[in-house]
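Below: one structure, written as structure tokens.
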Amino acid sequence: MTRLYAGVAVGVVAAFLGGSAWYVIANRAGDAFAQCRQGQIAGGEIGGPFTLVNPAGETVTDAEVITKPSLVYFGYTFCPDVCPFDMQRNVEAVDILDERGIDVNPVFISIDPDRDTPQALGDYAHNMHPKLIALTGSAEQVKTASQAYKTYYRKQPGDDEFYLVDHSTFTYLMIPGTGFVDFFRREVTAEQMADSVACFVEAASAGK
């Protein structure tokens, strides 16, 4: 996906969310994560039930996937420039968090089910990171997951093997029992992401 496509995708998602979900927190007194936030959160629901397929060909649900703090990203394995950098950043943040004693899973959900078979995602996860949870599914299953997370994707014209998919590039932090707590844009570094995730995880633990 070119930089232009990436910019358009992000712009579309931002506009979609901006019309119904985003707001600046006016009163943080009741927000357990106030010290962790960057100034804006999603007022609408992000995240929700999904049923997808793992590299072993097994059907799994969101409850079986997000069993610990998770960084959820929607992309595809044939992505030439955006996804590899984003996912490398995400797994680097996971390694930094591991060094701090904080266990977080990176999750990759394909928005290209035609090419991203369970086997293809198994190879992708093996090469990317030992903790990576890579998921695919039918076109309808992927659409349902994407809609739950309010992501955007659109297949570009091309032949059956070589085509691009425009898509949004946010990474979502999900915490079991809490759900969505924040998102990360592409410009956030691995160190910044790790610091932010640690803040949210520690705040969630303190609130139990």
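Identifiers for the structure tokens are assigned positionally: chains receive A, B, ... in sequence, residues are indexed from 1 per chain, and ligands are indexed from 1 in the order shown.
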Mind the document's chain letters and residue numbers, and return as a ChimeraX atom specification the residues of stretch 23-183 of chain A that DSSP labels helix (DSSP H, G or I).
/A:34-36,62-65,82-99,118-128,139-148
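Picture a line from atom CA of A:Thr178 to atom CA of A:Leu71; it runs 13.9 Å.
Nearest residue to A:Ala145 among A:Thr51, A:Thr117, A:Asn105, A:Gln35 is A:Thr51, counting only C-alpha atoms.
Every protein, DNA or RNA residue with an atom at most 8 Å from A:Lys155, where only C-alpha atoms count and chain neighbours fewer than 2 positions away do not, is listed here: Tyr153, Pro157, Tyr163, Leu164, Val165 and Asp166 of chain A.
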Write a file of the selected residues as a tab-separated table (two decimals), in the first residue's frame, keeping N, CA and C atoms.
chain	number	residue	atom	x	y	z
A	153	TYR	N	-11.11	-1.22	5.19
A	153	TYR	CA	-10.25	-1.87	4.19
A	153	TYR	C	-11.01	-1.96	2.86
A	157	PRO	N	-8.18	-2.78	-7.49
A	157	PRO	CA	-8.22	-3.57	-8.73
A	157	PRO	C	-6.86	-4.19	-9.02
A	163	TYR	N	-2.48	-7.87	-6.00
A	163	TYR	CA	-3.33	-6.71	-5.79
A	163	TYR	C	-3.03	-6.15	-4.40
A	164	LEU	N	-3.37	-4.89	-4.20
A	164	LEU	CA	-3.17	-4.23	-2.91
A	164	LEU	C	-4.50	-4.07	-2.20
A	165	VAL	N	-4.44	-3.88	-0.90
A	165	VAL	CA	-5.64	-3.65	-0.10
A	165	VAL	C	-5.43	-2.38	0.73
A	166	ASP	N	-6.23	-1.37	0.46
A	166	ASP	CA	-6.18	-0.17	1.31
A	166	ASP	C	-6.74	-0.54	2.68
